[in-house]
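Undergrad: The following block contains the structure, expressed as structure tokens.
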Amino acid sequence: ELKRGHILLLAMTLVAVASSRVLHAQDEPCGDDCRINTNLAMVVNVPVNPTAQVASTGWGTIAGVGYNFSKRHAFVGEFLWNRVYANNGTLEALQAALQPVGNLGGTTDIYSVTGNYRFELRGELFGAYVIGGGGWYLRHTNLSDSVTVATQTACTPTWLWWGFACRSGTVTAGQTLASSTSSVLGGNAGGGVTFRVGAAPYRLYAEARYHYAPTANISTQFVTVAIGVRY
């Protein structure tokens with residue numbers, strides 16, 4: 001938990017420092033010709049297979065800062081945090097392994113730091129864009145209690161997602177886990193629309209983006225739906 005807190009604190013500090021420098025550098029209004037771009041949004045996370053087999057819809061936030069080469073071409077560096085929850089019924093096998101038997105809960109936190117290219121067509125009021133890129137993805141799973149694997153336990157996606165190792169179709173006996181972490185390089189692609197609110201360059205934006213990370217045991221794949229503000 002401390003490690004995850006440090007990651008989140010560091011990432012948000014970097015975004016805050018970058019944003020403060022941007023605001024300081026842009027004391028004079030730049031209208032639609034700003035060289036610096038920023039964005040901040042709330043995110044709904046919708047897992048897709050194989051992630052959808054074990055995780056349900058979650059939520060999170062995304063923040064970014066970047067550089068506009070022109071009105072159409074831009075680089076955007078972003079930090080993403082999402083939390084998803086265990087699907088109903090997927091923890092039954094793990095819960096049965098608890099001694100003594102009790103209620104078992106589980107959450108998964110997904111972090112990413114990515115560099116992305118954005119191509120945008122922007123009108124006076126409305127705009128549309130495509131965006132894609134890649135970077136570092138980290139998946140941290142956390143069970144509410146430690147689980148020890150019994151012998152001859154069939155290997156299913158649930159066991160793999162929560163970090164347990166399998167061999168020849170069964171979960172390796174004797175493992176005891178409450179959490180696991182996998183860190184890999186991954187990528188994303190998607191698009192969105194913008195709508196001007198108030199004076200330029202501020203706009204509301206709505207975006208959908210697919211993310212893929214080949215994390216250990218089972219890949220992490222999900223679609224983020226973000227609604228926020230940017231310029």
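By convention in this document, the chains of the structure tokens carry letters A, B, ... by their order, each chain's residues are numbered from 1, and ligands are numbered from 1 in the order they are shown.
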Could you pull out the residues in chain A that DSSP calls helix (DSSP H, G or I) from the backbone, as number ranges by chain?

TA: A: 2-25, 31-33, 51-53, 92-96, 157-161

Undergrad: Kindly save the residues from that selection, with N, CA and C atoms included, as a CSV table (one decimal), in the first residue's frame.

TA:
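Written out: out13.csv:
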chain,number,residue,atom,x,y,z
A,2,LEU,N,2.0,1.2,0.8
A,2,LEU,CA,2.9,2.4,0.8
A,2,LEU,C,3.5,2.6,-0.5
A,3,LYS,N,3.9,1.5,-1.2
A,3,LYS,CA,4.5,1.6,-2.5
A,3,LYS,C,3.6,2.3,-3.5
A,4,ARG,N,2.4,1.8,-3.5
A,4,ARG,CA,1.4,2.4,-4.4
A,4,ARG,C,1.1,3.9,-4.1
A,5,GLY,N,1.1,4.2,-2.8
A,5,GLY,CA,0.9,5.6,-2.4
A,5,GLY,C,2.0,6.5,-2.9
A,6,HIS,N,3.3,6.0,-2.8
A,6,HIS,CA,4.4,6.7,-3.3
A,6,HIS,C,4.3,7.0,-4.8
A,7,ILE,N,3.9,6.0,-5.5
A,7,ILE,CA,3.8,6.1,-7.0
A,7,ILE,C,2.7,7.2,-7.3
A,8,LEU,N,1.6,7.1,-6.7
A,8,LEU,CA,0.5,8.1,-6.9
A,8,LEU,C,0.9,9.5,-6.5
A,9,LEU,N,1.6,9.6,-5.4
A,9,LEU,CA,2.0,10.9,-4.9
A,9,LEU,C,3.1,11.5,-5.8
A,10,LEU,N,4.0,10.7,-6.3
A,10,LEU,CA,5.1,11.2,-7.2
A,10,LEU,C,4.5,11.6,-8.5
A,11,ALA,N,3.6,10.8,-9.1
A,11,ALA,CA,3.0,11.2,-10.4
A,11,ALA,C,2.2,12.5,-10.3
A,12,MET,N,1.4,12.6,-9.2
A,12,MET,CA,0.6,13.8,-9.1
A,12,MET,C,1.4,15.0,-8.8
A,13,THR,N,2.5,14.9,-8.1
A,13,THR,CA,3.4,16.0,-7.8
A,13,THR,C,4.1,16.5,-9.1
A,14,LEU,N,4.5,15.5,-10.0
A,14,LEU,CA,5.1,15.9,-11.3
A,14,LEU,C,4.1,16.6,-12.1
A,15,VAL,N,2.8,16.2,-12.2
A,15,VAL,CA,1.8,16.8,-13.0
A,15,VAL,C,1.5,18.2,-12.4
A,16,ALA,N,1.5,18.4,-11.1
A,16,ALA,CA,1.2,19.7,-10.5
A,16,ALA,C,2.3,20.6,-10.8
A,17,VAL,N,3.6,20.2,-10.7
A,17,VAL,CA,4.7,21.0,-11.0
A,17,VAL,C,4.7,21.5,-12.4
A,18,ALA,N,4.5,20.5,-13.3
A,18,ALA,CA,4.4,20.9,-14.7
A,18,ALA,C,3.3,21.9,-15.0
A,19,SER,N,2.1,21.7,-14.4
A,19,SER,CA,1.0,22.5,-14.6
A,19,SER,C,1.3,23.9,-14.1
A,20,SER,N,2.0,24.0,-13.0
A,20,SER,CA,2.3,25.4,-12.4
A,20,SER,C,3.2,26.1,-13.3
A,21,ARG,N,4.2,25.4,-13.9
A,21,ARG,CA,5.1,26.0,-14.8
A,21,ARG,C,4.4,26.5,-16.1
A,22,VAL,N,3.4,25.6,-16.5
A,22,VAL,CA,2.7,26.0,-17.7
A,22,VAL,C,1.9,27.3,-17.5
A,23,LEU,N,1.2,27.4,-16.3
A,23,LEU,CA,0.4,28.5,-16.0
A,23,LEU,C,1.3,29.8,-15.9
A,24,HIS,N,2.4,29.6,-15.3
A,24,HIS,CA,3.3,30.7,-15.1
A,24,HIS,C,3.8,31.2,-16.5
A,25,ALA,N,4.1,30.3,-17.4
A,25,ALA,CA,4.6,30.6,-18.7
A,25,ALA,C,3.5,31.3,-19.6
A,31,GLY,N,-5.2,32.1,-26.5
A,31,GLY,CA,-6.3,31.7,-27.4
A,31,GLY,C,-6.1,30.3,-27.9
A,32,ASP,N,-6.4,30.1,-29.2
A,32,ASP,CA,-6.3,28.7,-29.7
A,32,ASP,C,-4.9,28.4,-30.2
A,33,ASP,N,-3.9,29.3,-29.9
A,33,ASP,CA,-2.5,29.1,-30.4
A,33,ASP,C,-1.6,28.7,-29.3
A,51,THR,N,-9.5,-9.6,-19.3
A,51,THR,CA,-9.6,-8.9,-18.0
A,51,THR,C,-11.1,-8.9,-17.5
A,52,ALA,N,-12.0,-8.8,-18.5
A,52,ALA,CA,-13.5,-8.8,-18.1
A,52,ALA,C,-13.9,-10.1,-17.4
A,53,GLN,N,-13.2,-11.2,-17.6
A,53,GLN,CA,-13.5,-12.4,-17.0
A,53,GLN,C,-13.4,-12.4,-15.4
A,92,GLU,N,-15.0,-16.9,-5.4
A,92,GLU,CA,-15.5,-18.0,-4.7
A,92,GLU,C,-14.5,-19.1,-4.4
A,93,ALA,N,-13.7,-19.4,-5.4
A,93,ALA,CA,-12.7,-20.4,-5.3
A,93,ALA,C,-11.6,-20.0,-4.3
A,94,LEU,N,-11.2,-18.7,-4.3
A,94,LEU,CA,-10.2,-18.2,-3.4
A,94,LEU,C,-10.8,-18.2,-2.0
A,95,GLN,N,-12.0,-17.8,-1.9
A,95,GLN,CA,-12.6,-17.7,-0.6
A,95,GLN,C,-12.7,-19.0,0.1
A,96,ALA,N,-13.0,-20.1,-0.7
A,96,ALA,CA,-13.1,-21.4,-0.1
A,96,ALA,C,-11.8,-21.9,0.5
A,157,PRO,N,-8.7,-18.4,-14.7
A,157,PRO,CA,-8.2,-17.0,-14.9
A,157,PRO,C,-8.2,-16.2,-13.5
A,158,THR,N,-9.1,-16.5,-12.6
A,158,THR,CA,-9.2,-15.9,-11.3
A,158,THR,C,-7.9,-16.0,-10.6
A,159,TRP,N,-7.4,-17.2,-10.5
A,159,TRP,CA,-6.1,-17.5,-9.8
A,159,TRP,C,-5.0,-16.7,-10.5
A,160,LEU,N,-4.9,-16.7,-11.8
A,160,LEU,CA,-3.9,-16.1,-12.5
A,160,LEU,C,-3.9,-14.6,-12.3
A,161,TRP,N,-5.1,-14.0,-12.3
A,161,TRP,CA,-5.2,-12.5,-12.1
A,161,TRP,C,-4.7,-12.1,-10.8

Undergrad: I'd like the neighbourhood of Ala173 (chain A) as a PyMOL selection string, where a residue qualifies if any of its atoms comes within 8 Å (using only C-alpha atoms), though same-chain residues fewer than 4 positions away should be ignored.

TA: chain A and resi 148-153

Undergrad: At what distance in Å, to one decimal, does CA of Val84 (chain A) lie from CA of Val147 (chain A)?

TA: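 For CA of Val147 (chain A) relative to CA of Val84 (chain A), the distance reads 19.9 Å.
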
Undergrad: Write out as a VMD selection string the residues lying within 8 Å of Gly133 (chain A), counting only C-alpha atoms and excluding same-chain residues fewer than 6 positions away.

TA: chain A and resid 114 to 117 187 to 189

Undergrad: Those selected residues, please, written with N, CA, C and O atoms and delivered as an mmCIF file, in the first residue's frame.

TA:
data_model
loop_
_atom_site.group_PDB
_atom_site.id
_atom_site.type_symbol
_atom_site.label_atom_id
_atom_site.label_comp_id
_atom_site.auth_asym_id
_atom_site.auth_seq_id
_atom_site.Cartn_x
_atom_site.Cartn_y
_atom_site.Cartn_z
ATOM 1 N N THR A 114 2.419 7.463 -19.820
ATOM 2 C CA THR A 114 2.566 7.246 -21.256
ATOM 3 C C THR A 114 2.896 8.532 -22.004
ATOM 4 O O THR A 114 2.593 9.639 -21.551
ATOM 5 N N GLY A 115 3.502 8.362 -23.165
ATOM 6 C CA GLY A 115 3.702 9.450 -24.109
ATOM 7 C C GLY A 115 2.830 9.193 -25.323
ATOM 8 O O GLY A 115 2.840 8.084 -25.880
ATOM 9 N N ASN A 116 2.049 10.196 -25.773
ATOM 10 C CA ASN A 116 1.031 9.975 -26.799
ATOM 11 C C ASN A 116 1.068 11.050 -27.881
ATOM 12 O O ASN A 116 1.356 12.225 -27.610
ATOM 13 N N TYR A 117 0.734 10.635 -29.106
ATOM 14 C CA TYR A 117 0.577 11.561 -30.229
ATOM 15 C C TYR A 117 -0.911 11.818 -30.439
ATOM 16 O O TYR A 117 -1.728 10.890 -30.405
ATOM 17 N N GLY A 187 0.402 -0.184 -24.473
ATOM 18 C CA GLY A 187 0.013 0.855 -25.412
ATOM 19 C C GLY A 187 -1.469 1.168 -25.348
ATOM 20 O O GLY A 187 -2.249 0.477 -24.684
ATOM 21 N N ASN A 188 -1.864 2.234 -26.052
ATOM 22 C CA ASN A 188 -3.259 2.651 -26.062
ATOM 23 C C ASN A 188 -3.577 3.373 -27.364
ATOM 24 O O ASN A 188 -2.684 3.897 -28.032
ATOM 25 N N ALA A 189 -4.859 3.407 -27.716
ATOM 26 C CA ALA A 189 -5.321 4.136 -28.902
ATOM 27 C C ALA A 189 -6.799 4.450 -28.732
ATOM 28 O O ALA A 189 -7.551 3.670 -28.132
#

Undergrad: Need the shell around Ala128 (chain A): protein/DNA/RNA residues with any atom at most 10 Å away, counting only C-alpha atoms. Skip same-chain ones fewer than 6 positions apart. Format as a ChimeraX atom specification?

TA: /A:119-122,191-195,205-207

Undergrad: Within 8 Å of Ala86 (chain A), counting only C-alpha atoms, which residues show up once you throw out same-chain ones fewer than 3 positions away? Write them as a list in words, please.

TA: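 Contacts, in chain order: Val54, Ala55, Ser56, Thr90, Leu91, Gly105, Gly106, Thr107 and Thr108 of chain A.
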
Undergrad: Using DSSP secondary structure from the backbone, list all strand (DSSP E) positions within chain A, as an NGL selection string.

TA: :A and (36-47 or 55-68 or 73-86 or 106-122 or 126-148 or 153-154 or 166-167 or 170-171 or 176-196 or 203-213 or 220-230)

Undergrad: Ranking A:Tyr231, A:Thr57, A:Leu125, A:Thr172 by minimum distance to Ile36 (chain A) and counting only C-alpha atoms, which one comes first?

TA: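 So, comparing all the options, the nearest one is A:Tyr231.
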
Undergrad: Could you check how far CA of Gly123 (chain A) sits from CA of Lys71 (chain A), in Å to one decimal?

TA: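 Separation between CA of Gly123 (chain A) and CA of Lys71 (chain A): 10.4 Å.
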
Undergrad: Restricting the calculation to only C-alpha atoms: of A:Gly190, A:Ile218, A:Val76, A:Ile227, which residue gets closest to Thr61 (chain A)?

TA: A:Ile227

Undergrad: With only C-alpha atoms as the basis for distance, which of A:Ser183, A:Gln221, A:Asn68, A:Asn37 is at the shortest distance from Tyr111 (chain A)?

TA: A:Ser183

Undergrad: For Val225 (chain A), which of A:Leu80, A:Leu185, A:Leu204, A:Met42 is the closest residue, counting only C-alpha atoms?

TA: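 The closest residue to Val225 (chain A) is A:Met42.
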
Undergrad: Measure the distance from CA of Thr181 (chain A) to CA of Thr215 (chain A) in Å and round it to one decimal.

TA: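 Between CA of Thr181 (chain A) and CA of Thr215 (chain A) the gap is 9.0 Å.
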
Undergrad: As a ChimeraX atom specification, please: the residues near Trp162 (chain A) (cut-off 8 Å, only C-alpha atoms, same-chain neighbours under 4 positions excluded).

TA: /A:141-143,158,179-180
